[in-house]
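Here's input_29.csv, which has CSV, N, CA, C and O atoms:
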```
chain,number,residue,atom,x,y,z
A,1,GLY,N,72.6,2.3,14.4
A,1,GLY,CA,71.4,2.9,15.0
A,1,GLY,C,70.1,2.7,14.2
A,1,GLY,O,69.1,2.4,14.7
A,2,ASP,N,70.2,2.8,12.9
A,2,ASP,CA,69.0,2.7,12.0
A,2,ASP,C,68.7,1.3,11.5
A,2,ASP,O,67.7,1.0,10.8
A,3,GLY,N,69.6,0.3,11.9
A,3,GLY,CA,69.4,-1.0,11.4
A,3,GLY,C,69.9,-1.3,10.0
A,3,GLY,O,69.6,-2.3,9.4
A,4,PHE,N,70.6,-0.3,9.5
A,4,PHE,CA,71.1,-0.5,8.1
A,4,PHE,C,72.4,-1.4,8.1
A,4,PHE,O,72.6,-2.1,7.1
A,5,PHE,N,73.1,-1.3,9.2
A,5,PHE,CA,74.4,-2.0,9.2
A,5,PHE,C,74.5,-3.0,10.4
A,5,PHE,O,73.9,-2.8,11.4
A,6,CYS,N,75.2,-4.1,10.2
A,6,CYS,CA,75.5,-5.1,11.3
A,6,CYS,C,76.3,-4.3,12.4
A,6,CYS,O,77.3,-3.7,12.1
A,7,PRO,N,75.8,-4.4,13.6
A,7,PRO,CA,76.5,-3.7,14.7
A,7,PRO,C,77.9,-4.3,14.9
A,7,PRO,O,78.8,-3.6,15.4
A,8,GLN,N,78.1,-5.6,14.6
A,8,GLN,CA,79.5,-6.2,14.8
A,8,GLN,C,80.4,-5.9,13.7
A,8,GLN,O,81.5,-5.3,13.9
A,9,CYS,N,80.0,-6.2,12.4
A,9,CYS,CA,81.0,-6.1,11.3
A,9,CYS,C,80.7,-4.9,10.4
A,9,CYS,O,81.5,-4.6,9.5
A,10,ARG,N,79.7,-4.1,10.7
A,10,ARG,CA,79.3,-2.9,10.0
A,10,ARG,C,79.0,-3.1,8.5
A,10,ARG,O,79.0,-2.2,7.7
A,11,ALA,N,78.7,-4.4,8.1
A,11,ALA,CA,78.3,-4.7,6.8
A,11,ALA,C,76.8,-4.2,6.6
A,11,ALA,O,76.0,-4.4,7.5
A,12,LEU,N,76.5,-3.7,5.4
A,12,LEU,CA,75.2,-3.3,5.1
A,12,LEU,C,74.2,-4.5,5.1
A,12,LEU,O,74.6,-5.6,4.6
A,13,GLN,N,73.1,-4.4,5.7
A,13,GLN,CA,72.1,-5.4,5.9
A,13,GLN,C,70.9,-5.2,4.9
A,13,GLN,O,70.7,-4.1,4.4
A,14,PRO,N,70.2,-6.3,4.6
A,14,PRO,CA,69.0,-6.1,3.7
A,14,PRO,C,68.0,-5.2,4.3
A,14,PRO,O,67.9,-5.1,5.5
A,15,PRO,N,67.2,-4.5,3.4
A,15,PRO,CA,66.2,-3.6,3.9
A,15,PRO,C,65.1,-4.4,4.7
A,15,PRO,O,64.8,-5.5,4.4
A,16,ASP,N,64.6,-3.7,5.8
A,16,ASP,CA,63.5,-4.3,6.6
A,16,ASP,C,62.2,-4.2,5.8
A,16,ASP,O,61.7,-3.1,5.6
A,17,PRO,N,61.6,-5.3,5.4
A,17,PRO,CA,60.4,-5.3,4.6
A,17,PRO,C,59.2,-4.8,5.4
A,17,PRO,O,58.2,-4.4,4.8
A,18,THR,N,59.3,-4.8,6.7
A,18,THR,CA,58.1,-4.4,7.5
A,18,THR,C,58.1,-2.9,7.8
A,18,THR,O,57.2,-2.4,8.4
A,19,ARG,N,59.2,-2.2,7.5
A,19,ARG,CA,59.4,-0.8,7.8
A,19,ARG,C,58.6,0.1,6.8
A,19,ARG,O,58.8,0.0,5.6
A,20,ASP,N,57.8,1.0,7.3
A,20,ASP,CA,57.0,1.8,6.4
A,20,ASP,C,57.8,3.1,6.1
A,20,ASP,O,58.8,3.4,6.7
A,21,TYR,N,57.4,3.9,5.1
A,21,TYR,CA,58.1,5.1,4.7
A,21,TYR,C,58.2,6.1,5.8
A,21,TYR,O,59.2,6.8,5.9
A,22,PHE,N,57.1,6.2,6.6
A,22,PHE,CA,57.2,7.2,7.7
A,22,PHE,C,58.3,6.9,8.7
A,22,PHE,O,59.0,7.8,9.1
A,23,SER,N,58.3,5.6,9.1
A,23,SER,CA,59.4,5.2,10.0
A,23,SER,C,60.8,5.4,9.4
A,23,SER,O,61.7,5.9,10.0
A,24,LEU,N,60.9,5.0,8.2
A,24,LEU,CA,62.2,5.1,7.5
A,24,LEU,C,62.7,6.5,7.4
A,24,LEU,O,63.9,6.8,7.7
A,25,MET,N,61.8,7.4,7.2
A,25,MET,CA,62.1,8.9,7.0
A,25,MET,C,62.0,9.6,8.3
A,25,MET,O,62.1,10.9,8.3
A,26,ASP,N,61.7,8.9,9.4
A,26,ASP,CA,61.7,9.5,10.7
A,26,ASP,C,60.6,10.7,10.8
A,26,ASP,O,60.9,11.7,11.3
A,27,CYS,N,59.4,10.4,10.2
A,27,CYS,CA,58.3,11.3,10.2
A,27,CYS,C,57.1,10.8,11.0
A,27,CYS,O,57.0,9.5,11.0
A,28,ASN,N,56.3,11.6,11.6
A,28,ASN,CA,55.1,11.2,12.2
A,28,ASN,C,54.2,10.6,11.1
A,28,ASN,O,54.1,11.2,10.0
A,29,ARG,N,53.4,9.6,11.4
A,29,ARG,CA,52.5,9.0,10.5
A,29,ARG,C,51.3,9.9,10.4
A,29,ARG,O,50.3,9.7,11.1
A,30,SER,N,51.4,10.9,9.6
A,30,SER,CA,50.4,12.0,9.5
A,30,SER,C,50.4,12.6,8.2
A,30,SER,O,51.4,12.6,7.5
A,31,PHE,N,49.3,13.2,7.8
A,31,PHE,CA,49.3,13.9,6.5
A,31,PHE,C,50.2,15.2,6.5
A,31,PHE,O,50.9,15.5,5.6
A,32,ARG,N,50.2,15.8,7.7
A,32,ARG,CA,51.1,17.0,7.8
A,32,ARG,C,52.4,16.6,8.3
A,32,ARG,O,52.6,16.0,9.4
A,33,ILE,N,53.4,16.8,7.5
A,33,ILE,CA,54.8,16.5,7.9
A,33,ILE,C,55.7,17.7,7.7
A,33,ILE,O,55.4,18.6,6.9
A,34,ASP,N,56.8,17.7,8.3
A,34,ASP,CA,57.8,18.8,8.2
A,34,ASP,C,58.7,18.4,6.9
A,34,ASP,O,59.5,17.5,7.0
A,35,THR,N,58.5,19.1,5.8
A,35,THR,CA,59.2,18.7,4.6
A,35,THR,C,60.7,19.1,4.7
A,35,THR,O,61.5,18.4,4.0
A,36,THR,N,61.0,20.1,5.5
A,36,THR,CA,62.4,20.4,5.6
A,36,THR,C,63.1,19.3,6.4
A,36,THR,O,64.2,18.9,6.0
A,37,LYS,N,62.5,18.8,7.4
A,37,LYS,CA,63.0,17.6,8.2
A,37,LYS,C,63.1,16.4,7.2
A,37,LYS,O,64.1,15.6,7.3
A,38,LEU,N,62.1,16.2,6.4
A,38,LEU,CA,62.1,15.1,5.5
A,38,LEU,C,63.3,15.2,4.5
A,38,LEU,O,64.0,14.2,4.3
A,39,GLN,N,63.6,16.4,4.0
A,39,GLN,CA,64.7,16.6,3.1
A,39,GLN,C,66.0,16.3,3.8
A,39,GLN,O,66.9,15.6,3.2
A,40,HIS,N,66.2,16.8,5.0
A,40,HIS,CA,67.4,16.5,5.8
A,40,HIS,C,67.6,15.0,6.0
A,40,HIS,O,68.7,14.5,5.9
A,41,ARG,N,66.5,14.3,6.4
A,41,ARG,CA,66.6,12.9,6.6
A,41,ARG,C,67.0,12.1,5.3
A,41,ARG,O,67.8,11.2,5.3
A,42,TYR,N,66.4,12.6,4.2
A,42,TYR,CA,66.7,12.0,2.9
A,42,TYR,C,68.2,12.1,2.6
A,42,TYR,O,68.9,11.2,2.2
A,43,GLN,N,68.7,13.3,2.8
A,43,GLN,CA,70.2,13.5,2.6
A,43,GLN,C,71.0,12.7,3.5
A,43,GLN,O,72.0,12.1,3.1
A,44,GLN,N,70.6,12.6,4.8
A,44,GLN,CA,71.3,11.8,5.8
A,44,GLN,C,71.4,10.3,5.4
A,44,GLN,O,72.4,9.7,5.4
A,45,LEU,N,70.2,9.8,4.9
A,45,LEU,CA,70.2,8.4,4.6
A,45,LEU,C,71.0,8.1,3.3
A,45,LEU,O,71.6,7.1,3.2
A,46,GLN,N,70.9,9.0,2.3
A,46,GLN,CA,71.7,8.8,1.1
A,46,GLN,C,73.2,8.9,1.4
A,46,GLN,O,73.9,8.2,0.7
A,47,ARG,N,73.6,9.7,2.3
A,47,ARG,CA,75.0,9.7,2.7
A,47,ARG,C,75.4,8.3,3.3
A,47,ARG,O,76.6,7.9,3.3
A,48,LEU,N,74.5,7.6,3.9
A,48,LEU,CA,74.7,6.3,4.5
A,48,LEU,C,74.7,5.2,3.5
A,48,LEU,O,75.5,4.2,3.6
A,49,VAL,N,73.7,5.2,2.6
A,49,VAL,CA,73.5,4.0,1.8
A,49,VAL,C,73.6,4.2,0.3
A,49,VAL,O,73.4,3.2,-0.5
A,50,HIS,N,74.0,5.4,-0.2
A,50,HIS,CA,74.2,5.5,-1.7
A,50,HIS,C,75.2,4.6,-2.2
A,50,HIS,O,76.3,4.4,-1.7
A,51,PRO,N,74.8,3.9,-3.4
A,51,PRO,CA,75.7,2.9,-4.0
A,51,PRO,C,77.2,3.4,-4.3
A,51,PRO,O,78.1,2.6,-4.2
A,52,ASP,N,77.3,4.7,-4.5
A,52,ASP,CA,78.7,5.2,-4.8
A,52,ASP,C,79.6,5.0,-3.6
A,52,ASP,O,80.8,4.9,-3.8
A,53,PHE,N,79.1,4.9,-2.4
A,53,PHE,CA,79.9,4.7,-1.2
A,53,PHE,C,80.3,3.3,-1.0
A,53,PHE,O,81.0,3.0,-0.1
A,54,PHE,N,79.8,2.4,-1.9
A,54,PHE,CA,80.1,1.0,-1.7
A,54,PHE,C,80.8,0.4,-2.9
A,54,PHE,O,80.9,-0.8,-3.1
A,55,SER,N,81.5,1.2,-3.6
A,55,SER,CA,82.2,0.7,-4.8
A,55,SER,C,83.3,-0.2,-4.5
A,55,SER,O,83.7,-1.1,-5.3
A,56,GLN,N,83.9,-0.1,-3.3
A,56,GLN,CA,85.0,-1.0,-3.0
A,56,GLN,C,84.6,-2.2,-2.1
A,56,GLN,O,85.4,-2.9,-1.5
A,57,ARG,N,83.3,-2.4,-2.0
A,57,ARG,CA,82.7,-3.4,-1.1
A,57,ARG,C,82.3,-4.6,-2.0
A,57,ARG,O,82.4,-4.6,-3.2
A,58,SER,N,81.8,-5.7,-1.4
A,58,SER,CA,81.4,-6.9,-2.1
A,58,SER,C,80.2,-6.6,-3.0
A,58,SER,O,79.5,-5.6,-2.8
A,59,GLN,N,80.0,-7.5,-3.9
A,59,GLN,CA,78.8,-7.3,-4.8
A,59,GLN,C,77.5,-7.4,-4.0
A,59,GLN,O,76.6,-6.7,-4.4
A,60,THR,N,77.5,-8.2,-3.0
A,60,THR,CA,76.3,-8.3,-2.2
A,60,THR,C,76.0,-6.9,-1.5
A,60,THR,O,74.8,-6.5,-1.6
A,61,GLU,N,77.0,-6.3,-1.0
A,61,GLU,CA,76.7,-5.0,-0.4
A,61,GLU,C,76.4,-3.9,-1.4
A,61,GLU,O,75.6,-3.0,-1.2
A,62,LYS,N,77.0,-4.0,-2.6
A,62,LYS,CA,76.6,-3.1,-3.7
A,62,LYS,C,75.2,-3.2,-4.0
A,62,LYS,O,74.5,-2.2,-4.2
A,63,ASP,N,74.7,-4.5,-4.1
A,63,ASP,CA,73.3,-4.8,-4.5
A,63,ASP,C,72.4,-4.3,-3.3
A,63,ASP,O,71.3,-3.7,-3.6
A,64,LEU,N,72.8,-4.5,-2.1
A,64,LEU,CA,72.0,-4.0,-1.0
A,64,LEU,C,71.9,-2.5,-0.9
A,64,LEU,O,70.9,-1.9,-0.6
A,65,ALA,N,73.0,-1.8,-1.2
A,65,ALA,CA,73.1,-0.4,-1.3
A,65,ALA,C,72.1,0.2,-2.3
A,65,ALA,O,71.4,1.1,-2.1
A,66,GLU,N,72.1,-0.5,-3.5
A,66,GLU,CA,71.1,-0.1,-4.5
A,66,GLU,C,69.7,-0.3,-4.1
A,66,GLU,O,68.9,0.6,-4.3
A,67,LYS,N,69.4,-1.3,-3.4
A,67,LYS,CA,68.0,-1.5,-2.8
A,67,LYS,C,67.7,-0.5,-1.8
A,67,LYS,O,66.6,0.1,-1.8
A,68,HIS,N,68.6,-0.2,-0.9
A,68,HIS,CA,68.3,0.8,0.1
A,68,HIS,C,68.1,2.2,-0.5
A,68,HIS,O,67.2,2.9,-0.1
A,69,SER,N,69.0,2.5,-1.4
A,69,SER,CA,69.0,3.8,-2.0
A,69,SER,C,67.6,4.0,-2.8
A,69,SER,O,67.0,5.1,-2.7
A,70,THR,N,67.2,3.0,-3.5
A,70,THR,CA,65.9,3.0,-4.2
A,70,THR,C,64.8,3.2,-3.3
A,70,THR,O,63.9,4.0,-3.5
A,71,LEU,N,64.8,2.5,-2.1
A,71,LEU,CA,63.8,2.6,-1.1
A,71,LEU,C,63.7,4.0,-0.5
A,71,LEU,O,62.6,4.5,-0.4
A,72,VAL,N,64.9,4.5,-0.2
A,72,VAL,CA,64.9,5.9,0.3
A,72,VAL,C,64.4,6.9,-0.7
A,72,VAL,O,63.6,7.8,-0.3
A,73,ASN,N,64.8,6.7,-2.0
A,73,ASN,CA,64.2,7.6,-3.0
A,73,ASN,C,62.7,7.5,-3.1
A,73,ASN,O,62.0,8.6,-3.2
A,74,ASP,N,62.2,6.3,-3.1
A,74,ASP,CA,60.8,6.1,-3.2
A,74,ASP,C,60.0,6.7,-2.0
A,74,ASP,O,59.0,7.4,-2.2
A,75,ALA,N,60.6,6.5,-0.9
A,75,ALA,CA,60.0,7.0,0.4
A,75,ALA,C,59.9,8.6,0.3
A,75,ALA,O,58.9,9.2,0.6
A,76,TYR,N,61.1,9.1,-0.1
A,76,TYR,CA,61.2,10.6,-0.1
A,76,TYR,C,60.2,11.2,-1.1
A,76,TYR,O,59.4,12.1,-0.8
A,77,LYS,N,60.1,10.6,-2.3
A,77,LYS,CA,59.2,11.2,-3.3
A,77,LYS,C,57.8,11.0,-2.9
A,77,LYS,O,56.9,11.9,-3.2
A,78,THR,N,57.5,9.8,-2.3
A,78,THR,CA,56.1,9.6,-1.9
A,78,THR,C,55.6,10.5,-0.8
A,78,THR,O,54.5,11.1,-0.9
A,79,LEU,N,56.5,10.7,0.2
A,79,LEU,CA,56.1,11.6,1.3
A,79,LEU,C,56.2,13.1,1.0
A,79,LEU,O,55.5,13.9,1.7
A,80,LEU,N,57.0,13.4,0.1
A,80,LEU,CA,57.2,14.9,-0.3
A,80,LEU,C,55.9,15.5,-0.9
A,80,LEU,O,55.5,16.6,-0.5
A,81,ALA,N,55.3,14.7,-1.8
A,81,ALA,CA,54.1,15.3,-2.5
A,81,ALA,C,52.9,15.0,-1.7
A,81,ALA,O,52.6,13.8,-1.4
A,82,PRO,N,52.0,16.0,-1.5
A,82,PRO,CA,50.8,15.8,-0.7
A,82,PRO,C,49.9,14.7,-1.2
A,82,PRO,O,49.4,13.9,-0.4
A,83,LEU,N,49.7,14.6,-2.5
A,83,LEU,CA,48.8,13.6,-3.1
A,83,LEU,C,49.3,12.2,-2.8
A,83,LEU,O,48.6,11.3,-2.3
A,84,SER,N,50.6,11.9,-3.2
A,84,SER,CA,51.1,10.6,-3.0
A,84,SER,C,51.2,10.3,-1.5
A,84,SER,O,51.0,9.1,-1.1
A,85,ARG,N,51.5,11.3,-0.6
A,85,ARG,CA,51.5,11.0,0.8
A,85,ARG,C,50.2,10.6,1.3
A,85,ARG,O,50.1,9.7,2.1
A,86,GLY,N,49.1,11.3,0.9
A,86,GLY,CA,47.8,11.0,1.3
A,86,GLY,C,47.4,9.6,0.9
A,86,GLY,O,46.8,8.8,1.6
A,87,LEU,N,47.7,9.2,-0.4
A,87,LEU,CA,47.4,7.9,-0.9
A,87,LEU,C,48.1,6.8,-0.1
A,87,LEU,O,47.6,5.8,0.1
A,88,TYR,N,49.4,7.1,0.2
A,88,TYR,CA,50.2,6.2,1.0
A,88,TYR,C,49.6,6.0,2.4
A,88,TYR,O,49.6,4.8,2.9
A,89,LEU,N,49.1,7.0,2.9
A,89,LEU,CA,48.5,7.0,4.3
A,89,LEU,C,47.3,6.1,4.3
A,89,LEU,O,47.1,5.3,5.3
A,90,VAL,N,46.5,6.1,3.3
A,90,VAL,CA,45.3,5.4,3.3
A,90,VAL,C,45.4,3.9,2.8
A,90,VAL,O,44.5,3.1,2.9
A,91,SER,N,46.6,3.6,2.2
A,91,SER,CA,46.8,2.3,1.7
A,91,SER,C,47.3,1.3,2.8
A,91,SER,O,47.7,1.7,3.9
```
Output the file's structure as structure tokens, nothing else.
Amino acid sequence: GDGFFCPQCRALQPPDPTRDYFSLMDCNRSFRIDTTKLQHRYQQLQRLVHPDFFSQRSQTEKDLAEKHSTLVNDAYKTLLAPLSRGLYLVS
């Protein structure tokens, strides 16, 4: 559904470089966001892409999981804090 996995083989795919933090975290592109919804989305995504869940997978998938997890962490931290969210909005 979210484009993280190949629909045929279910292998983790590279992060989409064109996807912004609001889209990734399923938030409206606005200064006012629902931080409870943001937190739930963060937890949902980490359950999907956290590197610990890929320990038995190929090195490529382990590396992709690390990239996805870092991206999700960065998006969450940026959108959670009003100052960084505002700066991200205007950038």
Every residue of region 28-81 of chain A that DSSP places in helix (DSSP H, G or I), as an NGL selection string: :A and (35-49 or 51-54 or 59-80)
Do a neighbour search on region 78-83 of chain A at 8 Å with only N, CA, C and O atoms, toss out local chain neighbours closer than 3 positions, and write the hits as a count of residues only. 20
Do you have the atom C of Ser84 (chain A)-CA of Lys62 (chain A) distance handy? 28.8 Å
Could you list, as number ranges by chain, every residue within 7 Å of His68 (chain A), counting all atoms listed in the file and ignoring same-chain residues fewer than 4 positions away? A: 13, 15, 45, 49-50, 63-64, 72-74
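The gap separating atom C of Glu61 (chain A) from atom O of Asp20 (chain A) is 20.7 Å, in Å to one decimal.
Interatomic distance, CA of Tyr42 (chain A) against CA of Met25 (chain A): 6.9 Å.
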Using only C-alpha atoms, which residue out of A:Ala65, A:Thr18, A:Arg41, A:Asp26 lies closest to Phe4 (chain A)? A:Ala65
With only C-alpha atoms as the atoms that count, which of A:Leu12, A:Thr70, A:His40, A:Ser91 lies nearest to Phe53 (chain A)? A:Leu12
